[in-house]
$ cat data_39.cif   # mmCIF, C-alpha atoms and all ligand atoms
data_protein
loop_
_atom_site.label_atom_id
_atom_site.label_comp_id
_atom_site.auth_asym_id
_atom_site.auth_seq_id
_atom_site.Cartn_x
_atom_site.Cartn_y
_atom_site.Cartn_z
CA MET A 1 21.88 45.36 15.75
CA ARG A 2 18.79 45.56 13.61
CA THR A 3 17.39 42.04 13.09
CA ASP A 4 14.51 41.52 10.70
CA LEU A 5 12.16 38.61 11.29
CA ALA A 6 9.46 36.89 9.27
CA LEU A 7 6.98 34.65 11.07
CA ILE A 8 5.81 31.75 8.94
CA GLY A 9 2.76 30.74 10.96
CA PHE A 10 1.04 33.10 13.38
CA GLY A 11 -0.89 30.82 15.72
CA ASN A 12 -0.59 30.40 19.48
CA VAL A 13 3.21 30.26 19.51
CA GLY A 14 3.82 32.89 16.82
CA ARG A 15 1.56 35.44 18.49
CA ARG A 16 3.03 34.82 21.96
CA PHE A 17 6.50 35.24 20.44
CA ALA A 18 5.51 38.54 18.80
CA ARG A 19 4.35 39.89 22.16
CA LEU A 20 7.33 38.48 24.06
CA ILE A 21 9.93 40.27 21.96
CA GLU A 22 8.05 43.53 22.67
CA GLU A 23 7.89 42.74 26.42
CA ARG A 24 11.65 42.01 26.48
CA ARG A 25 12.71 44.66 23.96
CA GLU A 26 14.83 46.64 26.44
CA ARG A 27 16.60 43.56 27.81
CA LEU A 28 17.36 42.19 24.36
CA LEU A 29 18.74 45.56 23.27
CA GLY A 30 20.70 46.14 26.46
CA ASP A 31 22.12 42.65 26.93
CA ASP A 32 22.75 41.56 23.35
CA ASP A 33 22.26 44.63 21.14
CA LEU A 34 19.39 42.72 19.53
CA ASP A 35 16.90 45.10 17.92
CA CYS A 36 14.14 42.90 16.50
CA ARG A 37 11.63 44.04 13.91
CA ILE A 38 8.95 41.73 12.52
CA VAL A 39 8.69 42.60 8.83
CA GLY A 40 6.69 39.63 7.53
CA ILE A 41 3.88 37.35 8.69
CA SER A 42 2.39 34.48 6.76
CA THR A 43 -0.61 32.34 7.72
CA ARG A 44 -2.74 29.75 5.98
CA ARG A 45 -6.24 31.27 6.39
CA HIS A 46 -5.62 34.74 7.86
CA GLY A 47 -3.67 36.28 5.00
CA SER A 48 -0.10 37.59 4.91
CA ALA A 49 1.58 40.90 5.64
CA PHE A 50 4.93 42.47 4.87
CA ASP A 51 6.46 45.87 5.51
CA SER A 52 10.22 46.38 5.24
CA HIS A 53 9.92 49.15 7.85
CA GLY A 54 8.41 46.74 10.36
CA LEU A 55 4.86 45.61 11.11
CA ASP A 56 2.84 46.28 14.23
CA ALA A 57 2.92 42.59 15.14
CA VAL A 58 1.01 43.04 18.40
CA GLN A 59 -1.82 44.66 16.44
CA ALA A 60 -1.54 41.81 13.92
CA ALA A 61 -2.00 39.34 16.79
CA VAL A 62 -5.14 41.14 17.94
CA ILE A 63 -6.52 41.05 14.39
CA VAL A 64 -5.91 37.31 14.03
CA GLU A 65 -7.39 36.65 17.47
CA ARG A 66 -10.55 38.47 16.34
CA GLY A 67 -10.67 35.94 13.50
CA GLU A 68 -9.97 38.64 10.91
CA SER A 69 -7.47 38.75 8.07
CA LEU A 70 -4.12 40.52 8.14
CA SER A 71 -5.50 42.70 5.34
CA GLU A 72 -6.88 44.74 8.28
CA LEU A 73 -3.30 45.92 8.86
CA GLY A 74 -3.66 48.33 5.93
CA ALA A 75 -3.15 48.30 2.20
CA LEU A 76 0.63 48.65 2.24
CA ALA A 77 1.32 45.88 4.72
CA ALA A 78 -1.37 43.44 3.63
CA ARG A 79 -0.21 40.92 1.04
CA PRO A 80 -3.32 38.89 0.38
CA HIS A 81 -1.71 36.76 -2.32
CA ALA A 82 1.76 36.36 -0.83
CA ARG A 83 2.71 32.80 0.00
CA SER A 84 5.13 31.84 2.74
CA PHE A 85 7.95 31.50 0.21
CA ASP A 86 7.26 35.04 -1.10
CA ILE A 87 7.47 36.41 2.45
CA ILE A 88 10.78 34.57 3.02
CA GLY A 89 12.15 36.03 -0.23
CA MET A 90 11.09 39.55 0.79
CA LEU A 91 12.66 39.10 4.24
CA ALA A 92 16.00 38.15 2.70
CA VAL A 93 16.41 41.48 0.88
CA THR A 94 15.56 44.04 3.57
CA ASN A 95 18.44 46.29 4.56
CA ALA A 96 18.96 44.74 8.02
CA PRO A 97 22.28 42.98 8.69
CA LEU A 98 20.52 39.95 10.22
CA HIS A 99 17.52 38.09 8.80
CA VAL A 100 15.75 35.34 10.71
CA MET A 101 12.87 33.19 9.53
CA VAL A 102 10.74 31.99 12.47
CA GLU A 103 8.95 28.80 11.42
CA VAL A 104 5.88 28.12 13.58
CA THR A 105 3.48 26.23 11.34
CA PRO A 106 1.80 23.04 12.66
CA LEU A 107 3.64 19.73 12.73
CA ASP A 108 2.91 17.63 9.64
CA ILE A 109 3.52 14.09 10.78
CA SER A 110 3.45 12.56 7.30
CA ALA A 111 6.67 14.24 6.09
CA GLY A 112 7.37 17.40 8.10
CA GLN A 113 6.22 19.65 5.27
CA PRO A 114 5.96 22.46 4.31
CA ALA A 115 8.17 23.39 7.28
CA ILE A 116 11.22 21.61 5.83
CA GLU A 117 10.88 23.50 2.55
CA HIS A 118 10.42 26.78 4.46
CA VAL A 119 13.70 26.10 6.27
CA ARG A 120 15.50 25.17 3.04
CA ALA A 121 14.19 28.29 1.27
CA ALA A 122 15.24 30.58 4.13
CA LEU A 123 18.76 29.12 4.32
CA ALA A 124 19.12 29.24 0.53
CA CYS A 125 18.47 32.99 0.50
CA GLY A 126 20.78 33.75 3.40
CA CYS A 127 18.38 33.85 6.35
CA HIS A 128 18.96 32.20 9.71
CA VAL A 129 16.24 29.91 11.01
CA THR A 130 14.59 29.23 14.33
CA THR A 131 11.63 26.92 14.66
CA ALA A 132 9.44 25.38 17.35
CA ASN A 133 8.18 22.91 14.76
CA LYS A 134 9.55 19.40 15.37
CA GLY A 135 9.24 18.40 11.71
CA PRO A 136 12.55 19.75 10.37
CA ALA A 137 14.75 18.11 13.04
CA ALA A 138 12.61 14.96 13.22
CA PHE A 139 12.64 14.29 9.45
CA GLU A 140 15.63 16.05 7.89
CA TYR A 141 18.04 17.10 10.61
CA ARG A 142 21.25 16.04 8.91
CA ASP A 143 20.49 17.56 5.50
CA LEU A 144 19.23 20.83 6.98
CA ARG A 145 22.24 21.05 9.29
CA ALA A 146 24.50 20.54 6.25
CA ALA A 147 22.59 23.21 4.28
CA ALA A 148 22.92 25.66 7.18
CA ASP A 149 26.65 24.95 7.55
CA ALA A 150 27.20 25.39 3.81
CA ALA A 151 25.32 28.71 3.88
CA GLY A 152 27.09 29.91 7.04
CA ARG A 153 23.72 30.31 8.74
CA SER A 154 22.11 28.93 11.89
CA PHE A 155 19.35 26.34 11.94
CA LEU A 156 18.06 26.24 15.54
CA PHE A 157 15.02 24.53 17.09
CA GLU A 158 15.30 24.85 20.87
CA GLY A 159 11.49 25.07 21.24
CA ALA A 160 10.85 21.80 19.40
CA VAL A 161 11.43 19.67 22.52
CA MET A 162 10.50 20.65 26.10
CA ASP A 163 9.53 24.20 25.15
CA GLY A 164 11.88 26.75 26.72
CA ILE A 165 14.05 24.37 28.73
CA PRO A 166 17.60 24.70 27.37
CA LEU A 167 18.06 21.17 26.12
CA PHE A 168 19.88 21.41 22.80
CA ASN A 169 21.62 24.55 24.12
CA LEU A 170 22.67 22.67 27.24
CA VAL A 171 24.30 19.88 25.27
CA ARG A 172 25.85 22.17 22.63
CA GLU A 173 27.16 24.84 24.97
CA THR A 174 28.00 23.02 28.20
CA LEU A 175 28.80 19.36 27.47
CA PRO A 176 31.90 19.38 25.23
CA ALA A 177 33.43 15.96 24.50
CA VAL A 178 30.55 14.15 26.20
CA LYS A 179 28.98 11.30 24.23
CA MET A 180 25.25 10.80 24.56
CA LEU A 181 24.40 7.12 24.93
CA GLY A 182 20.63 7.35 25.13
CA PHE A 183 17.66 9.01 26.80
CA ARG A 184 14.33 8.29 28.43
CA GLY A 185 11.68 10.84 29.18
CA VAL A 186 8.13 12.10 29.47
CA VAL A 187 8.10 14.67 26.67
CA ASN A 188 4.44 15.28 25.83
CA SER A 189 2.54 17.68 28.09
CA THR A 190 -0.98 16.89 26.84
CA THR A 191 -0.82 13.14 27.49
CA ASN A 192 0.93 13.64 30.83
CA TYR A 193 -1.77 16.08 31.91
CA ILE A 194 -4.51 13.64 30.87
CA LEU A 195 -2.82 10.65 32.58
CA SER A 196 -2.46 12.70 35.79
CA ALA A 197 -6.17 13.61 35.60
CA LEU A 198 -7.22 10.00 34.90
CA GLU A 199 -5.36 8.68 37.96
CA GLU A 200 -7.37 11.16 40.07
CA GLY A 201 -10.58 9.66 38.67
CA GLU A 202 -11.32 12.48 36.20
CA ASP A 203 -12.71 11.80 32.74
CA PHE A 204 -10.58 11.81 29.58
CA GLU A 205 -12.53 14.30 27.46
CA PRO A 206 -12.62 17.30 29.87
CA ALA A 207 -8.90 16.92 30.56
CA LEU A 208 -8.18 16.97 26.83
CA ALA A 209 -10.52 19.95 26.36
CA ARG A 210 -8.53 21.94 28.97
CA MET A 211 -5.28 21.29 27.09
CA GLN A 212 -6.93 22.39 23.84
CA ALA A 213 -8.34 25.55 25.45
CA GLU A 214 -4.86 26.49 26.72
CA GLY A 215 -3.32 26.02 23.26
CA ILE A 216 -1.01 23.28 24.57
CA ALA A 217 -2.57 20.36 22.68
CA GLU A 218 -1.57 20.18 19.00
CA ALA A 219 -4.12 21.65 16.55
CA ASP A 220 -4.87 18.01 15.68
CA ALA A 221 -5.03 16.43 19.17
CA SER A 222 -4.59 12.92 17.78
CA LEU A 223 -0.95 13.88 17.23
CA ASP A 224 -0.54 14.03 21.01
CA LEU A 225 -2.86 11.14 21.94
CA ASP A 226 -1.50 8.64 19.41
CA GLY A 227 2.07 9.31 20.49
CA TRP A 228 3.08 11.07 17.27
CA ASP A 229 4.20 14.26 19.02
CA ALA A 230 6.38 12.23 21.41
CA ALA A 231 7.69 10.17 18.47
CA ALA A 232 8.60 13.37 16.57
CA LYS A 233 10.46 14.64 19.64
CA ALA A 234 12.19 11.29 20.11
CA ALA A 235 13.25 11.30 16.44
CA ALA A 236 14.57 14.88 16.75
CA LEU A 237 16.48 13.98 19.94
CA ALA A 238 17.89 10.79 18.41
CA ASN A 239 18.92 12.58 15.20
CA VAL A 240 20.61 15.45 17.03
CA LEU A 241 22.05 13.77 20.13
CA LEU A 242 22.57 10.15 19.05
CA ASP A 243 23.63 10.68 15.41
CA ALA A 244 20.59 8.73 14.21
CA ARG A 245 19.08 9.23 10.79
CA ILE A 246 15.46 8.36 11.43
CA THR A 247 11.99 9.84 11.08
CA PRO A 248 9.04 9.54 13.48
CA HIS A 249 7.75 6.69 11.28
CA ASP A 250 10.71 4.50 12.25
CA ILE A 251 9.70 4.64 15.91
CA ARG A 252 7.70 1.88 17.59
CA ARG A 253 4.80 3.89 18.97
CA SER A 254 1.60 3.55 20.95
CA GLY A 255 -0.46 6.27 22.63
CA ILE A 256 -3.34 6.78 25.03
CA GLY A 257 -7.13 7.08 24.68
CA PRO A 258 -10.31 7.05 26.81
CA GLY A 259 -9.70 3.31 27.36
CA THR A 260 -6.41 4.11 29.14
CA ALA A 261 -8.35 5.30 32.23
CA ALA A 262 -8.66 1.76 33.61
CA ALA A 263 -4.92 1.08 33.21
CA ALA A 264 -4.01 4.44 34.81
CA LEU A 265 -6.28 3.77 37.80
CA ALA A 266 -5.04 0.18 38.14
CA ALA A 267 -1.40 1.38 38.12
CA THR A 268 -2.23 3.95 40.80
CA GLY A 269 -3.93 1.21 42.84
CA ARG A 270 -0.65 -0.72 42.81
CA GLY A 271 1.22 2.39 43.98
CA ASN A 272 2.66 2.94 40.49
CA ARG A 273 2.11 5.52 37.75
CA LEU A 274 1.29 5.13 34.06
CA ARG A 275 3.31 7.52 31.88
CA LEU A 276 3.87 7.89 28.12
CA VAL A 277 7.61 7.27 27.93
CA ALA A 278 10.04 7.90 25.05
CA THR A 279 13.14 5.72 25.24
CA ALA A 280 16.22 5.53 22.98
CA ARG A 281 19.70 4.03 22.98
CA ARG A 282 22.45 4.90 20.52
CA GLY A 283 22.23 2.51 17.56
CA ALA A 284 18.73 1.23 18.48
CA THR A 285 15.33 2.46 17.30
CA PRO A 286 13.50 4.63 19.88
CA VAL A 287 10.20 3.50 21.43
CA VAL A 288 7.21 5.59 22.60
CA GLU A 289 4.65 3.73 24.74
CA PRO A 290 2.68 3.93 28.00
CA VAL A 291 4.77 2.34 30.76
CA GLU A 292 3.79 1.50 34.34
CA LEU A 293 6.54 3.00 36.50
CA PRO A 294 7.38 2.37 40.15
CA PRO A 295 6.93 5.42 42.40
CA GLY A 296 10.70 5.87 42.86
CA ASP A 297 11.27 6.42 39.13
CA LEU A 298 11.82 10.12 38.40
CA LEU A 299 9.57 9.81 35.35
CA ALA A 300 6.70 8.66 37.59
CA ARG A 301 6.90 11.85 39.61
CA VAL A 302 6.15 14.37 36.85
CA ARG A 303 2.51 15.38 36.92
CA GLY A 304 0.27 17.65 34.83
CA THR A 305 2.01 19.47 32.00
CA ALA A 306 5.46 18.80 33.49
CA ASN A 307 8.07 17.03 31.33
CA VAL A 308 11.31 15.33 32.27
CA LEU A 309 14.16 13.96 30.19
CA ILE A 310 17.04 11.82 31.45
CA LEU A 311 20.11 11.96 29.23
CA GLN A 312 22.46 8.98 29.51
CA THR A 313 26.07 10.04 28.92
CA ASP A 314 29.49 8.39 28.90
CA LEU A 315 31.26 10.86 31.22
CA LEU A 316 28.54 12.29 33.45
CA GLY A 317 26.26 9.34 33.99
CA GLU A 318 22.61 10.34 33.91
CA ILE A 319 21.58 14.00 33.69
CA ALA A 320 17.93 14.85 34.35
CA ILE A 321 16.25 17.95 32.98
CA ALA A 322 12.76 18.75 34.19
CA GLN A 323 10.22 21.31 33.12
CA LEU A 324 7.68 21.61 35.90
CA GLY A 325 5.08 23.58 33.97
CA GLY A 326 4.95 24.24 30.24
CA SER A 327 3.04 27.02 28.52
CA LEU A 328 3.14 29.08 25.37
CA THR A 329 5.47 31.59 27.01
CA GLU A 330 8.16 28.93 27.47
CA THR A 331 7.92 27.89 23.82
CA ALA A 332 8.03 31.51 22.65
CA TYR A 333 11.01 32.05 24.95
CA ALA A 334 12.85 29.17 23.25
CA LEU A 335 12.57 31.09 19.96
CA VAL A 336 13.98 34.16 21.72
CA THR A 337 16.95 32.14 23.02
CA ASP A 338 17.63 31.00 19.46
CA LEU A 339 17.61 34.63 18.30
CA VAL A 340 20.16 35.47 20.97
CA THR A 341 22.32 32.49 19.92
CA ILE A 342 22.20 33.70 16.31
CA ARG A 343 23.17 37.22 17.37
CA ARG A 344 26.03 36.00 19.60
CA ARG A 345 27.37 33.73 16.87
CA GLN A 346 27.34 36.62 14.44
CA GLN A 347 29.11 38.84 16.96
CA ALA A 348 31.77 36.17 17.58
CA LEU A 349 32.30 35.82 13.83
CA HIS A 350 32.77 39.56 13.41
CA GLU A 351 35.13 39.79 16.38
CA GLY A 352 37.13 36.86 14.98
CA LEU A 353 37.37 38.56 11.59
CA ALA A 354 38.36 41.86 13.21
CA ARG A 355 41.11 40.12 15.21
CA ARG A 356 42.42 38.41 12.08
CA THR A 357 42.67 41.73 10.23
CA LEU A 358 44.55 43.50 13.08
N1 LIG B 401 1.52 25.20 21.37
C1 LIG B 401 2.55 24.78 22.08
O1 LIG B 401 2.54 24.81 23.32
C2 LIG B 401 3.80 24.30 21.37
C3 LIG B 401 4.90 23.89 22.15
C4 LIG B 401 6.08 23.48 21.49
C5 LIG B 401 6.10 23.44 20.10
N2 LIG B 401 4.99 23.81 19.37
C6 LIG B 401 5.06 23.76 17.92
O2 LIG B 401 5.00 25.10 17.42
C7 LIG B 401 4.34 25.10 16.13
C8 LIG B 401 3.21 26.12 16.18
O3 LIG B 401 2.28 25.73 17.18
P1 LIG B 401 0.98 26.60 17.46
O4 LIG B 401 0.40 26.08 18.72
O5 LIG B 401 1.29 28.03 17.30
O6 LIG B 401 0.07 26.15 16.22
P2 LIG B 401 -1.29 26.86 15.72
O7 LIG B 401 -1.88 27.67 16.81
O8 LIG B 401 -2.09 25.78 15.09
O9 LIG B 401 -0.81 27.90 14.58
C9 LIG B 401 -0.27 27.47 13.36
C10 LIG B 401 -0.10 28.69 12.47
O10 LIG B 401 0.49 28.25 11.23
C11 LIG B 401 -0.30 28.77 10.13
N3 LIG B 401 -0.10 27.91 9.00
C12 LIG B 401 -0.53 26.65 8.79
N4 LIG B 401 -0.05 26.18 7.62
C13 LIG B 401 0.69 27.17 7.09
C14 LIG B 401 1.43 27.32 5.89
N5 LIG B 401 1.52 26.33 5.00
N6 LIG B 401 2.08 28.50 5.65
C15 LIG B 401 1.99 29.52 6.54
N7 LIG B 401 1.31 29.44 7.69
C16 LIG B 401 0.67 28.27 7.96
C17 LIG B 401 -1.69 28.86 10.69
O11 LIG B 401 -2.46 29.77 9.92
P3 LIG B 401 -4.07 29.81 10.06
O12 LIG B 401 -4.40 30.01 11.52
O13 LIG B 401 -4.45 30.99 9.23
O14 LIG B 401 -4.57 28.49 9.55
C18 LIG B 401 -1.39 29.41 12.09
O15 LIG B 401 -1.15 30.78 12.01
C19 LIG B 401 3.86 23.67 15.88
O16 LIG B 401 4.76 23.03 15.01
C20 LIG B 401 3.90 23.03 17.27
O17 LIG B 401 4.15 21.64 17.23
C21 LIG B 401 3.85 24.25 19.99
#
$ encode --input "data_39.cif" --output "structure tokens"
Amino acid sequence: MRTDLALIGFGNVGRRFARLIEERRERLLGDDDLDCRIVGISTRRHGSAFDSHGLDAVQAAVIVERGESLSELGALAARPHARSFDIIGMLAVTNAPLHVMVEVTPLDISAGQPAIEHVRAALACGCHVTTANKGPAAFEYRDLRAAADAAGRSFLFEGAVMDGIPLFNLVRETLPAVKMLGFRGVVNSTTNYILSALEEGEDFEPALARMQAEGIAEADASLDLDGWDAAAKAAALANVLLDARITPHDIRRSGIGPGTAAAALAATGRGNRLRLVATARRGATPVVEPVELPPGDLLARVRGTANVLILQTDLLGEIAIAQLGGSLTETAYALVTDLVTIRRRQQALHEGLARRTL
């Protein structure tokens, strides 16, 4: 089924996603009849592009990586004055049966904007939404979920926490009737990588520089270091899994800095590990803070960019989900899994309607 996509944001994640859907084109077509076509791209400083017949998104990625504007794509596709909301509006009226807005702009920790308004606009004009941006689920999950339900559209964000690991999918698809009681986890790759480097006696700055060079650190690295990224993930997890109605600003939060090196080395000297841990219990406000963990704690064992989350449940006890190495491909893959979910939901809806009319 022809599925038209608009990418709002075309940075590290957006460009990896554009390439990934080309790399997996045959599998997506063969397994799920998902025929994706990127018709719109919007950026902040690199221009915008739209073509209802489909853009050459891989070429667009090359252009942006050269530091050039999407106007290089040609006069018809280039939309130098189009804003993100214009691109979303143009996406909604192409002749494809499925329209998906892919929101991959940076996290705005003050209020989750403009990502939340991008999501609202897309749902309002009949598009489905997938995002790797934590803002929408961390600040406005309940309202956006209600807007999606009212519109009969999907609002999915698998890539917002632990990249491509099926976390929200796991709970939604495989844990019916289970009540989540809480969670604790190491959910920020940049700080975990730096803490692992510090305990080996490395310096703070080069470890951070490596995470920035790999595109894993947030564009504004203070979001990782000050614990904001982990707080946004904890808020999204609490809102979705624990029925909370909080924002990252409600979370008690502390991060790491160059001064953390002494504490990391001291913890290692005692046989322990210092990790930035996000903790939440149903009904209580989550906390993000560096914690010295004994070596037997699962959270102490994740090193480098690895993440781990322990879900506390009423029927299954504790369930641990680990991601042993995160990269852009995993995050881009999460967006692909959301596309497949959207396609399967649509197929189920059509089959249900067909059965009812028999
Ligand atoms: N990188 C990761 O490993 C990772 C993992 C999980 C989740 N995420 C999340 O995924 C999202 C994207 O991350 P990223 O690494 O791709 O970020 P990035 O490399 O900084 O790219 C952000 C993109 O958004 C564009 N942009 C900024 N403001 C915009 C606006 N108002 N309207 C339209 N476009 C706008 C930027 O355009 P210009 O370049 O022209 O300014 C750029 O194309 C973030 O929310 C991040 O938290 C990232």
$ residues_around --input "data_39.cif" --residues "stretch 11-13 of chain A" --least-positions-apart "3" --cutoff "12 Å" --atoms "all atoms listed in the file" --output "ChimeraX atom specification"
/A:7-8,16-20,41-46,60-65,67,102-106,131-133,159-160,163-164,212-219,327-336
$ residues_around --input "data_39.cif" --residues "A:His99" --least-positions-apart "3" --cutoff "6 Å" --atoms "only C-alpha atoms" --output "ChimeraX atom specification"
/A:3-5,127
$ write_last_selection --input "data_39.cif" --atoms "C-alpha atoms" --output "mmCIF file, in the frame of the given file"
data_model
loop_
_atom_site.group_PDB
_atom_site.id
_atom_site.type_symbol
_atom_site.label_atom_id
_atom_site.label_comp_id
_atom_site.auth_asym_id
_atom_site.auth_seq_id
_atom_site.Cartn_x
_atom_site.Cartn_y
_atom_site.Cartn_z
ATOM 1 C CA THR A 3 17.390 42.040 13.090
ATOM 2 C CA ASP A 4 14.510 41.520 10.700
ATOM 3 C CA LEU A 5 12.160 38.610 11.290
ATOM 4 C CA CYS A 127 18.380 33.850 6.350
#
$ atom_distance --input "data_39.cif" --atom1 "atom CA of A:Phe85" --atom2 "atom CA of A:Gly9"
12.0 Å
$ residues_around --input "data_39.cif" --residues "A:Asp229" --least-positions-apart "2" --cutoff "10 Å" --atoms "only C-alpha atoms" --output "PyMOL selection string"
chain A and resi 107+109+134-135+161+187-191+217-218+221-227+231-235+248+255+288
$ atom_distance --input "data_39.cif" --atom1 "atom CA of A:Val240" --atom2 "atom CA of A:Ile194"
28.7 Å
$ closest_residue --input "data_39.cif" --among "A:His118, A:Arg172, A:Arg301, A:Arg24" --to "ligand LIG 401 (chain B)" --atoms "only C-alpha atoms and all ligand atoms"
A:His118
$ residues_around --input "data_39.cif" --residues "A:Val119" --least-positions-apart "6" --cutoff "9 Å" --atoms "only C-alpha atoms" --output "PyMOL selection string"
chain A and resi 101+103+128-131+136+144+155
$ atom_distance --input "data_39.cif" --atom1 "atom CA of A:Ala151" --atom2 "atom C16 of ligand LIG 401 (chain B)"
25.0 Å
$ closest_residue --input "data_39.cif" --among "A:Thr305, A:Ser254, A:Gln347, A:Thr341" --to "A:Phe157" --atoms "all atoms listed in the file"
A:Thr341
$ closest_residue --input "data_39.cif" --among "A:Arg252, A:Arg37, A:Arg83, A:Arg210" --to "ligand LIG 401 (chain B)" --atoms "only C-alpha atoms and all ligand atoms"
A:Arg83
$ closest_residue --input "data_39.cif" --among "A:Gly317, A:Pro258, A:Pro295, A:Gly269" --to "A:Glu199" --atoms "all atoms listed in the file"
A:Gly269
$ residues_near_point --input "data_39.cif" --point "(30.3, 16.6, 25.8)" --cutoff "12 Å" --atoms "all atoms listed in the file" --output "VMD selection string"
chain A and resid 168 to 181 241 311 to 317
$ residues_near_point --input "data_39.cif" --point "(-0.9, 16.1, 35.5)" --cutoff "6 Å" --atoms "only C-alpha atoms" --output "NGL selection string"
:A and (192-193 or 196-197 or 303-305)
$ closest_residue --input "data_39.cif" --among "A:Asp108, A:Glu26, A:Asp35, A:Glu289" --to "ligand LIG 401 (chain B)" --atoms "only C-alpha atoms and all ligand atoms"
A:Asp108
$ closest_residue --input "data_39.cif" --among "A:Leu55, A:Ala261, A:Ile165, A:Ile38" --to "ligand LIG 401 (chain B)" --atoms "all atoms listed in the file"
A:Ile165
$ build_atoms --input "data_39.cif" --residues "stretch 213-218 of chain A" --atoms "all heavy atoms" --output "PDB file, in the coordinates of the input"
ATOM      1  N   ALA A 213      -7.981  24.153  25.155  1.00  0.00           N
ATOM      2  CA  ALA A 213      -8.340  25.550  25.450  1.00  0.00           C
ATOM      3  C   ALA A 213      -7.094  26.372  25.768  1.00  0.00           C
ATOM      4  O   ALA A 213      -7.029  27.562  25.449  1.00  0.00           O
ATOM      5  CB  ALA A 213      -9.314  25.599  26.624  1.00  0.00           C
ATOM      6  N   GLU A 214      -6.081  25.747  26.368  1.00  0.00           N
ATOM      7  CA  GLU A 214      -4.860  26.490  26.720  1.00  0.00           C
ATOM      8  C   GLU A 214      -3.869  26.568  25.564  1.00  0.00           C
ATOM      9  O   GLU A 214      -2.791  27.148  25.705  1.00  0.00           O
ATOM     10  CB  GLU A 214      -4.189  25.835  27.939  1.00  0.00           C
ATOM     11  CG  GLU A 214      -4.956  26.120  29.212  1.00  0.00           C
ATOM     12  CD  GLU A 214      -4.289  25.518  30.441  1.00  0.00           C
ATOM     13  OE1 GLU A 214      -3.057  25.435  30.481  1.00  0.00           O
ATOM     14  OE2 GLU A 214      -5.037  25.145  31.355  1.00  0.00           O
ATOM     15  N   GLY A 215      -4.207  25.958  24.420  1.00  0.00           N
ATOM     16  CA  GLY A 215      -3.320  26.020  23.260  1.00  0.00           C
ATOM     17  C   GLY A 215      -2.111  25.117  23.405  1.00  0.00           C
ATOM     18  O   GLY A 215      -1.140  25.245  22.670  1.00  0.00           O
ATOM     19  N   ILE A 216      -2.156  24.177  24.360  1.00  0.00           N
ATOM     20  CA  ILE A 216      -1.010  23.280  24.570  1.00  0.00           C
ATOM     21  C   ILE A 216      -1.139  22.028  23.707  1.00  0.00           C
ATOM     22  O   ILE A 216      -0.161  21.549  23.142  1.00  0.00           O
ATOM     23  CB  ILE A 216      -0.852  22.949  26.070  1.00  0.00           C
ATOM     24  CG1 ILE A 216      -0.408  24.231  26.791  1.00  0.00           C
ATOM     25  CG2 ILE A 216       0.163  21.828  26.298  1.00  0.00           C
ATOM     26  CD1 ILE A 216      -0.260  24.115  28.288  1.00  0.00           C
ATOM     27  N   ALA A 217      -2.364  21.517  23.566  1.00  0.00           N
ATOM     28  CA  ALA A 217      -2.570  20.360  22.680  1.00  0.00           C
ATOM     29  C   ALA A 217      -2.294  20.802  21.244  1.00  0.00           C
ATOM     30  O   ALA A 217      -2.513  21.956  20.886  1.00  0.00           O
ATOM     31  CB  ALA A 217      -3.992  19.850  22.808  1.00  0.00           C
ATOM     32  N   GLU A 218      -1.770  19.885  20.420  1.00  0.00           N
ATOM     33  CA  GLU A 218      -1.570  20.180  19.000  1.00  0.00           C
ATOM     34  C   GLU A 218      -2.925  20.516  18.363  1.00  0.00           C
ATOM     35  O   GLU A 218      -3.976  20.085  18.860  1.00  0.00           O
ATOM     36  CB  GLU A 218      -0.968  18.962  18.284  1.00  0.00           C
ATOM     37  CG  GLU A 218       0.488  18.699  18.608  1.00  0.00           C
ATOM     38  CD  GLU A 218       1.432  19.728  17.968  1.00  0.00           C
ATOM     39  OE1 GLU A 218       1.116  20.267  16.908  1.00  0.00           O
ATOM     40  OE2 GLU A 218       2.487  19.993  18.562  1.00  0.00           O
TER      41      GLU A 218
END
